[in-house]
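Coordinates as given in data.cif (mmCIF, C-alpha atoms):
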data_entry
loop_
_atom_site.label_atom_id
_atom_site.label_comp_id
_atom_site.auth_asym_id
_atom_site.auth_seq_id
_atom_site.Cartn_x
_atom_site.Cartn_y
_atom_site.Cartn_z
CA MET A 208 14.14 -27.08 -19.07
CA SER A 209 12.41 -23.87 -17.98
CA GLN A 210 8.65 -23.51 -18.37
CA PRO A 211 7.34 -21.06 -20.98
CA LEU A 212 6.05 -17.73 -19.74
CA PRO A 213 2.26 -17.44 -19.38
CA SER A 214 0.28 -14.93 -21.38
CA VAL A 215 -0.80 -11.95 -19.28
CA THR A 216 -3.61 -9.42 -19.50
CA VAL A 217 -3.12 -6.26 -17.46
CA LEU A 218 -6.66 -5.22 -16.51
CA ILE A 219 -7.21 -1.65 -15.34
CA ALA A 220 -10.54 -0.30 -14.10
CA ALA A 221 -11.03 3.41 -14.90
CA ARG A 222 -13.81 5.98 -14.94
CA PRO A 223 -15.54 7.11 -18.15
CA GLY A 224 -13.69 10.02 -19.68
CA GLN A 225 -10.75 9.74 -17.28
CA GLN A 226 -7.69 11.12 -19.03
CA ASP A 227 -4.84 10.49 -16.57
CA VAL A 228 -4.62 6.70 -16.15
CA LYS A 229 -1.15 6.28 -14.67
CA ALA A 230 -1.40 2.49 -14.70
CA VAL A 231 -1.56 2.36 -18.52
CA GLU A 232 1.82 3.99 -19.04
CA ALA A 233 3.29 1.88 -16.22
CA ALA A 234 1.87 -1.28 -17.86
CA ARG A 235 3.50 -0.33 -21.17
CA ARG A 236 6.87 -0.17 -19.39
CA LEU A 237 6.58 -3.71 -17.99
CA ASP A 238 9.46 -5.98 -18.97
CA TYR A 239 7.59 -8.81 -20.71
CA PRO A 240 7.41 -10.23 -24.27
CA ALA A 241 4.98 -8.10 -26.28
CA GLY A 242 3.42 -11.17 -27.87
CA LEU A 243 2.39 -12.49 -24.46
CA LEU A 244 1.10 -9.20 -23.07
CA GLU A 245 -2.26 -7.48 -23.42
CA ILE A 246 -3.57 -4.31 -21.76
CA ILE A 247 -7.29 -3.73 -21.23
CA VAL A 248 -8.82 -0.59 -19.74
CA ALA A 249 -12.38 -1.26 -18.56
CA ARG A 250 -14.22 2.04 -18.20
CA GLY A 251 -17.39 2.25 -16.14
CA ARG A 252 -18.85 3.16 -12.76
CA GLN A 253 -18.86 -0.17 -10.91
CA PRO A 254 -15.39 -1.77 -10.66
CA SER A 255 -16.68 -5.30 -10.01
CA VAL A 256 -18.71 -5.21 -13.23
CA GLN A 257 -15.84 -3.57 -15.11
CA ARG A 258 -13.36 -6.25 -14.05
CA ASN A 259 -15.72 -9.12 -14.83
CA THR A 260 -16.36 -7.67 -18.30
CA GLY A 261 -12.64 -7.27 -18.86
CA MET A 262 -11.88 -10.82 -17.67
CA ARG A 263 -14.39 -12.33 -20.09
CA ALA A 264 -12.79 -10.45 -22.97
CA ALA A 265 -9.17 -11.09 -21.93
CA ARG A 266 -6.81 -13.39 -23.81
CA GLY A 267 -4.23 -13.83 -21.05
CA ASP A 268 -3.90 -16.95 -18.91
CA ILE A 269 -3.03 -14.60 -16.04
CA ILE A 270 -4.90 -11.41 -15.21
CA TYR A 271 -2.84 -8.69 -13.54
CA PHE A 272 -5.28 -6.32 -11.84
CA LEU A 273 -4.16 -2.73 -11.35
CA ASP A 274 -6.07 0.29 -10.11
CA ASP A 275 -5.92 3.30 -12.38
CA ASP A 276 -3.25 4.93 -10.18
CA SER A 277 -1.12 1.84 -9.50
CA VAL A 278 2.46 2.13 -10.81
CA PRO A 279 4.31 -1.22 -10.91
CA PRO A 280 8.06 -1.45 -11.58
CA PRO A 281 9.04 -3.01 -14.93
CA SER A 282 10.17 -6.26 -13.24
CA ASN A 283 6.79 -7.17 -11.70
CA LEU A 284 5.49 -9.50 -14.40
CA LEU A 285 8.65 -11.61 -14.61
CA ARG A 286 8.67 -11.88 -10.82
CA MET A 287 5.02 -12.89 -10.83
CA ALA A 288 5.50 -15.44 -13.61
CA SER A 289 8.16 -17.25 -11.58
CA HIS A 290 5.61 -17.86 -8.81
CA PHE A 291 2.96 -19.22 -11.18
CA ARG A 292 5.25 -22.10 -12.18
CA ASP A 293 3.63 -23.83 -9.21
CA THR A 294 0.26 -24.89 -10.63
CA ASN A 295 -1.33 -24.87 -7.17
CA ILE A 296 -0.88 -21.11 -6.86
CA GLN A 297 -4.01 -19.25 -7.94
CA MET A 298 -3.16 -15.69 -6.96
CA VAL A 299 -0.01 -13.63 -6.34
CA GLY A 300 -0.18 -10.27 -4.62
CA GLY A 301 1.85 -7.75 -2.72
CA PRO A 302 1.69 -4.31 -1.16
CA ASN A 303 0.82 -0.95 -2.65
CA VAL A 304 3.38 1.43 -1.20
CA CYS A 305 3.26 5.20 -0.83
CA PRO A 306 5.86 6.78 -3.15
CA PRO A 307 8.66 8.61 -1.30
CA ASP A 308 7.86 11.93 -3.00
CA ALA A 309 4.23 11.99 -1.80
CA PRO A 310 3.09 14.95 0.34
CA TRP A 311 3.69 14.79 4.09
CA LEU A 312 0.04 14.13 4.98
CA GLU A 313 -0.16 11.22 2.57
CA GLN A 314 2.98 9.74 4.11
CA VAL A 315 1.27 9.98 7.52
CA PHE A 316 -1.75 8.15 6.10
CA ALA A 317 0.61 5.47 4.73
CA LEU A 318 2.18 5.08 8.16
CA VAL A 319 -1.27 4.46 9.67
CA LEU A 320 -2.24 1.99 6.94
CA GLY A 321 0.96 0.05 7.56
CA CYS A 322 0.73 -0.19 11.36
CA TRP A 323 -0.50 -3.25 13.20
CA LEU A 324 -2.85 -1.56 15.67
CA ALA A 325 -4.80 0.20 12.92
CA PHE A 326 -5.05 -2.55 10.30
CA GLY A 327 -3.84 -5.78 11.88
CA PRO A 328 -2.62 -8.37 9.37
CA SER A 329 -4.01 -6.25 6.52
CA ARG A 330 -1.13 -3.82 7.03
CA ALA A 331 0.78 -6.12 4.66
CA ARG A 332 -1.31 -4.59 1.86
CA TYR A 333 0.39 -1.24 2.43
CA THR A 334 3.93 -2.08 3.51
CA PRO A 335 6.26 -5.03 2.77
CA VAL A 336 5.93 -7.55 5.60
CA GLY A 337 8.00 -10.72 6.06
CA ILE A 338 8.92 -13.14 3.30
CA VAL A 339 7.23 -14.79 0.32
CA ARG A 340 4.56 -17.04 1.81
CA PRO A 341 1.11 -18.61 1.35
CA SER A 342 -1.39 -16.10 2.65
CA SER A 343 -5.07 -15.14 2.70
CA GLU A 344 -7.40 -12.37 1.65
CA LYS A 345 -6.32 -10.41 4.71
CA GLU A 346 -2.96 -9.58 3.11
CA LEU A 347 -3.74 -9.29 -0.61
CA ILE A 348 -5.37 -6.33 -2.35
CA LEU A 349 -6.89 -5.92 -5.81
CA CYS A 350 -4.92 -2.83 -6.86
CA ASN A 351 -1.87 -5.12 -7.21
CA LEU A 352 -3.03 -8.68 -7.76
CA ALA A 353 -2.27 -11.35 -10.37
CA ALA A 354 -4.56 -14.37 -10.76
CA ARG A 355 -5.28 -17.28 -13.08
CA ARG A 356 -8.18 -16.28 -15.30
CA LEU A 357 -10.07 -19.56 -15.80
CA PRO A 358 -10.45 -20.52 -12.11
CA MET A 359 -11.92 -17.07 -11.43
CA LEU A 360 -14.36 -17.39 -14.32
CA ASP A 361 -15.32 -20.89 -13.18
CA LEU A 362 -16.43 -19.33 -9.89
CA GLY A 363 -18.44 -16.68 -11.70
CA GLY A 364 -15.88 -13.90 -11.30
CA PHE A 365 -16.34 -11.13 -8.76
CA ASN A 366 -19.61 -10.82 -6.87
CA GLU A 367 -21.08 -7.72 -8.49
CA ALA A 368 -23.19 -6.94 -5.42
CA LEU A 369 -19.94 -6.23 -3.57
CA TYR A 370 -17.71 -3.18 -3.85
CA PRO A 371 -15.25 -3.04 -2.21
CA ASN A 372 -14.26 -6.49 -0.89
CA GLU A 373 -15.30 -8.27 -4.07
CA GLU A 374 -11.78 -9.69 -4.33
CA ASN A 375 -11.81 -10.87 -0.72
CA ALA A 376 -14.89 -13.00 -1.24
CA LEU A 377 -13.41 -14.51 -4.43
CA MET A 378 -10.12 -15.28 -2.65
CA ASP A 379 -12.01 -17.17 0.05
CA GLU A 380 -13.78 -19.24 -2.61
CA LEU A 381 -10.50 -20.06 -4.38
CA GLN A 382 -8.96 -21.20 -1.09
CA LYS A 383 -11.96 -23.41 -0.38
CA LYS A 384 -11.18 -25.14 -3.70
CA GLY A 385 -7.62 -25.80 -2.51
CA GLY A 386 -5.94 -22.93 -4.33
CA ILE A 387 -2.92 -21.18 -2.81
CA LEU A 388 -2.79 -17.40 -2.44
CA LEU A 389 0.80 -16.14 -2.38
CA TYR A 390 2.04 -12.93 -0.75
CA ASP A 391 5.31 -11.52 -2.06
CA PRO A 392 6.49 -8.41 -0.17
CA GLN A 393 8.71 -7.42 -3.10
CA PHE A 394 5.88 -7.70 -5.64
CA ALA A 395 4.85 -4.11 -5.02
CA VAL A 396 3.42 -1.07 -6.75
CA HIS A 397 3.62 2.62 -5.91
CA ARG A 398 0.24 4.15 -5.17
CA ARG A 399 -0.53 7.35 -3.31
CA PRO A 400 -2.94 7.27 -0.35
CA ARG A 401 -5.94 9.60 -0.14
CA PRO A 402 -5.04 13.30 -0.52
CA SER A 403 -7.05 14.75 2.39
CA LEU A 404 -8.36 13.82 5.83
CA ARG A 405 -11.92 13.90 4.53
CA ALA A 406 -11.06 11.45 1.75
CA PHE A 407 -9.16 9.24 4.19
CA MET A 408 -12.15 9.03 6.56
CA LYS A 409 -14.48 8.27 3.64
CA MET A 410 -12.14 5.46 2.59
CA LEU A 411 -12.22 4.00 6.10
CA MET A 412 -16.02 4.00 6.13
CA THR A 413 -16.07 2.37 2.70
CA TYR A 414 -13.67 -0.35 3.86
CA GLY A 415 -15.80 -1.01 6.93
CA ARG A 416 -19.00 -1.15 4.90
CA GLY A 417 -17.44 -3.48 2.35
CA ARG A 418 -16.19 -5.88 5.02
CA ALA A 419 -19.62 -6.06 6.66
CA GLU A 420 -21.31 -6.68 3.31
CA GLN A 421 -18.77 -9.39 2.51
CA PHE A 422 -19.43 -11.02 5.88
CA ARG A 423 -23.16 -11.06 5.20
CA LEU A 424 -22.69 -12.83 1.86
CA HIS A 425 -19.59 -14.91 2.65
CA PRO A 426 -19.21 -15.33 6.44
CA THR A 427 -15.85 -16.77 7.49
CA PRO A 428 -14.06 -17.09 10.86
CA GLY A 429 -11.33 -14.81 9.50
CA SER A 430 -13.70 -11.84 9.67
CA SER A 431 -14.08 -12.05 13.46
CA LEU A 432 -11.29 -9.51 14.03
CA ASN A 433 -13.19 -6.97 11.94
CA PHE A 434 -15.93 -6.81 14.57
CA VAL A 435 -13.57 -5.11 17.05
CA PRO A 436 -13.88 -1.54 15.63
CA PRO A 437 -17.72 -1.55 15.53
CA LEU A 438 -17.82 -2.89 19.09
CA PHE A 439 -15.33 -0.18 20.08
CA CYS A 440 -17.76 2.41 18.68
CA ILE A 441 -20.52 0.96 20.86
CA TYR A 442 -18.22 1.16 23.87
CA LEU A 443 -17.46 4.83 23.19
CA LEU A 444 -21.17 5.54 22.81
CA ILE A 445 -21.85 3.93 26.18
CA LEU A 446 -19.15 6.07 27.78
CA PHE A 447 -20.67 9.20 26.20
CA LEU A 448 -24.17 8.35 27.43
CA THR A 449 -23.00 7.41 30.94
CA PRO A 450 -20.55 10.12 32.05
CA TRP A 451 -20.97 8.94 35.63
CA ALA A 452 -19.47 5.56 34.76
CA GLY A 453 -17.10 4.10 37.29
CA LEU A 454 -13.45 3.31 36.86
CA TRP A 455 -14.30 -0.25 35.86
CA LEU A 456 -15.89 1.06 32.65
CA LEU A 457 -13.04 3.49 31.98
CA ALA A 458 -10.30 0.91 32.45
CA PRO A 459 -10.50 -0.49 28.87
CA LEU A 460 -10.15 3.05 27.53
CA GLY A 461 -6.95 3.48 29.54
CA LEU A 462 -5.56 0.23 28.15
CA TYR A 463 -6.49 1.35 24.65
CA ALA A 464 -4.70 4.68 25.12
CA MET A 465 -1.57 2.83 26.25
CA ALA A 466 -1.75 0.60 23.16
CA VAL A 467 -2.05 3.62 20.85
CA LEU A 468 0.88 5.31 22.56
CA GLY A 469 2.98 2.14 22.35
CA GLN A 470 2.21 1.77 18.63
CA THR A 471 3.18 5.42 18.06
CA LEU A 472 6.53 4.92 19.78
CA ALA A 473 7.13 1.76 17.73
CA MET A 474 6.53 3.69 14.49
CA CYS A 475 9.09 6.37 15.32
CA SER A 476 12.06 4.26 14.23
CA SER A 477 10.77 3.81 10.68
CA GLY A 478 8.39 6.73 10.23
CA GLY A 479 10.15 9.47 12.16
CA VAL A 480 8.90 11.34 15.21
CA ALA A 481 6.86 14.02 13.42
CA ARG A 482 4.97 11.64 11.15
CA SER A 483 4.42 9.16 13.99
CA LEU A 484 2.91 11.86 16.18
CA GLY A 485 0.71 12.87 13.25
CA ALA A 486 -0.39 9.25 12.93
CA LEU A 487 -1.33 8.91 16.61
CA PRO A 488 -4.82 10.48 16.42
CA LEU A 489 -5.42 8.87 13.04
CA ILE A 490 -5.16 5.40 14.58
CA VAL A 491 -8.19 6.30 16.71
CA VAL A 492 -9.91 7.85 13.69
CA THR A 493 -9.32 4.62 11.78
CA HIS A 494 -11.06 2.49 14.40
CA ILE A 495 -14.03 4.86 14.75
CA PHE A 496 -14.76 5.46 11.06
CA TYR A 497 -14.12 1.84 10.06
CA GLY A 498 -16.51 0.82 12.84
CA ILE A 499 -19.20 3.26 11.68
CA GLY A 500 -18.85 1.98 8.11
CA PHE A 501 -19.11 -1.62 9.35
CA TRP A 502 -22.39 -0.89 11.15
CA ARG A 503 -23.72 0.70 7.99
CA GLY A 504 -22.71 -2.30 5.90
CA LEU A 505 -24.67 -4.65 8.15
CA PHE A 506 -27.92 -3.03 6.95
CA THR A 507 -27.30 -1.92 3.35
CA GLU A 508 -29.23 -3.41 0.46
CA LEU A 509 -27.15 -5.99 -1.40
CA LYS A 510 -28.10 -6.15 -5.05
CA ALA A 511 -26.03 -6.65 -8.16
CA PRO A 512 -26.65 -3.86 -10.71
CA GLY A 513 -28.36 -4.68 -13.96
CA LYS A 514 -26.24 -4.75 -17.08
CA SER A 515 -27.97 -1.68 -18.51
CA GLU A 516 -27.27 0.27 -15.29
CA VAL A 517 -23.48 0.04 -15.54
CA PRO A 518 -22.32 0.00 -19.17
CA VAL A 519 -18.65 -0.91 -19.60
CA GLU A 520 -16.40 0.25 -22.41
CA LEU A 521 -13.25 -1.75 -23.11
CA GLU A 522 -10.12 -0.19 -24.58
CA HIS A 523 -6.98 -2.01 -25.74
CA PRO A 524 -3.96 0.32 -25.47
CA PRO A 525 -0.94 -0.88 -27.44
CA VAL A 526 1.77 -2.63 -25.50
CA LYS A 527 5.46 -1.74 -25.75
CA GLY A 528 6.79 -2.59 -29.18
CA GLU A 529 3.46 -2.52 -30.99
#

As structure tokens, what does this structure read like?
Amino acid sequence: MSQPLPSVTVLIAARPGQQDVKAVEAARRLDYPAGLLEIIVARGRQPSVQRNTGMRAARGDIIYFLDDDSVPPPSNLLRMASHFRDTNIQMVGGPNVCPPDAPWLEQVFALVLGCWLAFGPSRARYTPVGIVRPSSEKELILCNLAARRLPMLDLGGFNEALYPNEENALMDELQKKGGILLYDPQFAVHRRPRPSLRAFMKMLMTYGRGRAEQFRLHPTPGSSLNFVPPLFCIYLLILFLTPWAGLWLLAPLGLYAMAVLGQTLAMCSSGGVARSLGALPLIVVTHIFYGIGFWRGLFTELKAPGKSEVPVELEHPPVKGE
């Protein structure tokens, strides 16, 4: 006898007054019984607070988090529900993939996000990698993440002093309690990368800052790899300040250049020659700007905003069939 489907709340964080919320229309197209589906749009200016407010008001046993520009295929909820039949699974996530009709520059950004040398294991957040498997916060991302509501609320929800990386800290806490985080490469959404180089570099700095802030509040051994870009920035600064440095100090830079070139050649088979060559300098840009953001995040003030500082307005768009 098959288990009944769980009730689901699709929770979308959006800005006040934002008109074009692509995720709402995509959520209304999801193939799921209308009586078991709820859509909440939480409008505000601090996503951690918005999502916590939405979770407390939600009726669903499962919360499906989408960013305002995430576009899931209609089959996502039924696929997700099949995984949650295992009561040990607390979260199910998958990649957010650049749509094939995105502009050329955005496709180059997507190629960088999905390559190992730039993002390590976190590349699985941006491109399908491997098979369905137990995973960690390194591979899951909040713009396409389903989770059991009550265990998250029992842990206090998202840390409102963190944005981004609020989901990463919560995932670590769920795993400490014995919960399983599942990565499904086919549980994907379409989502366009940043539209310009300036926006892409700002995103990298934000990611670096968020990781450093998460490490300060929730240090784990898994964050050790994230110290490589900030240390790389220090190395480059030393080279700049000591132009007379000997070959022994330049040798790591030569090895790094070979690694970047090797990664570029490896991307050519899937990304094409032109886009791969466009991605080559952006791999270096990724390491530098992520590293700068990480250094910043080591010294920022960590303080959860007061409730009056970040008012949240909840909307309940009708689901399909209502």

(message) Please list as a PyMOL selection string every residue within 9 Å of range 297-309 of chain A, counting only C-alpha atoms and excluding residues in the same chain fewer than 5 positions away.
(response) chain A and resi 277-279+287+290-291+314+317+330-336+346-356+358-359+378+381-382+386-400

(request) Record the distance separating CA of Asp361 in chain A and CA of Gln421 in chain A, expressed in Å with one decimal. (result)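 Separating CA of Asp361 in chain A from CA of Gln421 in chain A is a distance of 19.8 Å.
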
(message) Using Å and a single decimal, report how far CA of Leu243 in chain A sits from CA of Leu284 in chain A.
(response)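 Rounded to one decimal, the two atoms are 10.9 Å apart.
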
(message) Taking all atoms listed in the file into account, name the residue in A:Glu373, A:Asp238, A:Asp293, A:Glu245 that is nearest to Gly261 in chain A.
(response)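 Among A:Glu373, A:Asp238, A:Asp293, A:Glu245, it is A:Glu245 that comes nearest to Gly261 in chain A.
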
(request) For each of A:Leu285, A:Ile246, A:Ala376, A:Val231, take the minimum atom-to-atom distance to Val217 in chain A, counting only C-alpha atoms, then give the residue where this is smallest. (result) A:Ile246

(request) Excluding Lys383 in chain A and any residue of its chain fewer than 6 positions from it, enumerate the residues within 12 Å of it, using only C-alpha atoms, and give them as JSON, numbers by chain. (result) {"A": [297, 343, 362, 376, 377, 425, 427]}

Please identify every residue of range 427-450 of chain A that has at least one atom no farther than 12 Å from an atom of range 414-418 of chain A, counting all atoms listed in the file, and for each give the shortest atom pair and the distance in Å to one decimal, arranged by chain then increasing number, as a Markdown table.
| residue | atom | partner | partner_atom | distance |
| --- | --- | --- | --- | --- |
| A:Thr427 | CA | A:Arg418 | CA | 11.2 |
| A:Gly429 | CA | A:Arg418 | CA | 11.1 |
| A:Ser430 | CA | A:Arg418 | CA | 8.0 |
| A:Ser431 | CA | A:Arg418 | CA | 10.7 |
| A:Leu432 | CA | A:Arg418 | CA | 10.9 |
| A:Asn433 | CA | A:Arg418 | CA | 7.6 |
| A:Phe434 | CA | A:Gly415 | CA | 9.6 |
| A:Val435 | CA | A:Gly415 | CA | 11.1 |
| A:Pro436 | CA | A:Gly415 | CA | 8.9 |
| A:Pro437 | CA | A:Gly415 | CA | 8.8 |

(message) Take the PyMOL selection byres ((chain A and resi 221) around 10), run it mentally on this structure, and tell me the resulting residues as a PyMOL selection string.
(response) chain A and resi 218-220+222-228+230+248-254+257-258+273-276+519-521

(message) What would the selection look like, as a PyMOL selection string, if the PyMOL selection byres ((chain A and resi 527) around 9) were run on the coordinates I just shared?
(response) chain A and resi 234-241+525-526+528-529

(request) Given the file shown, enumerate the residues that the PyMOL selection byres ((chain A and resi 500) around 12) captures and present them as a ChimeraX atom specification. (result) /A:408-420,433-434,436-437,440,493-499,501-507

(message) Report, in Å with one decimal, the straight-line distance from CA of Ala368 in chain A to CA of Pro524 in chain A.
(response)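 Going from CA of Ala368 in chain A over to CA of Pro524 in chain A covers 28.7 Å.
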
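For the choices A:Leu444, A:Leu360, A:Ala406, A:Leu438, the atom-to-atom distance to Glu313 in chain A is smallest for A:Ala406 when using only C-alpha atoms.
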
(request) Have a look at A:Leu212, A:Val480, A:Leu443, A:Met262 and name the one nearest to Ser289 in chain A; count all atoms listed in the file. (result)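 Distance minimum relative to Ser289 in chain A lands on A:Leu212.
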
(request) Return the single residue from A:Arg292, A:Cys475, A:Pro281, A:Ile269 that is closest to Pro211 in chain A, with distances computed using only C-alpha atoms. (result)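 Counting only C-alpha atoms, the residue closest to Pro211 in chain A is A:Arg292.
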
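Candidate residues A:Thr294, A:Leu404, A:Glu344, A:Tyr442 were compared for distance to Glu380 in chain A, and the nearest is A:Glu344, using all atoms listed in the file.
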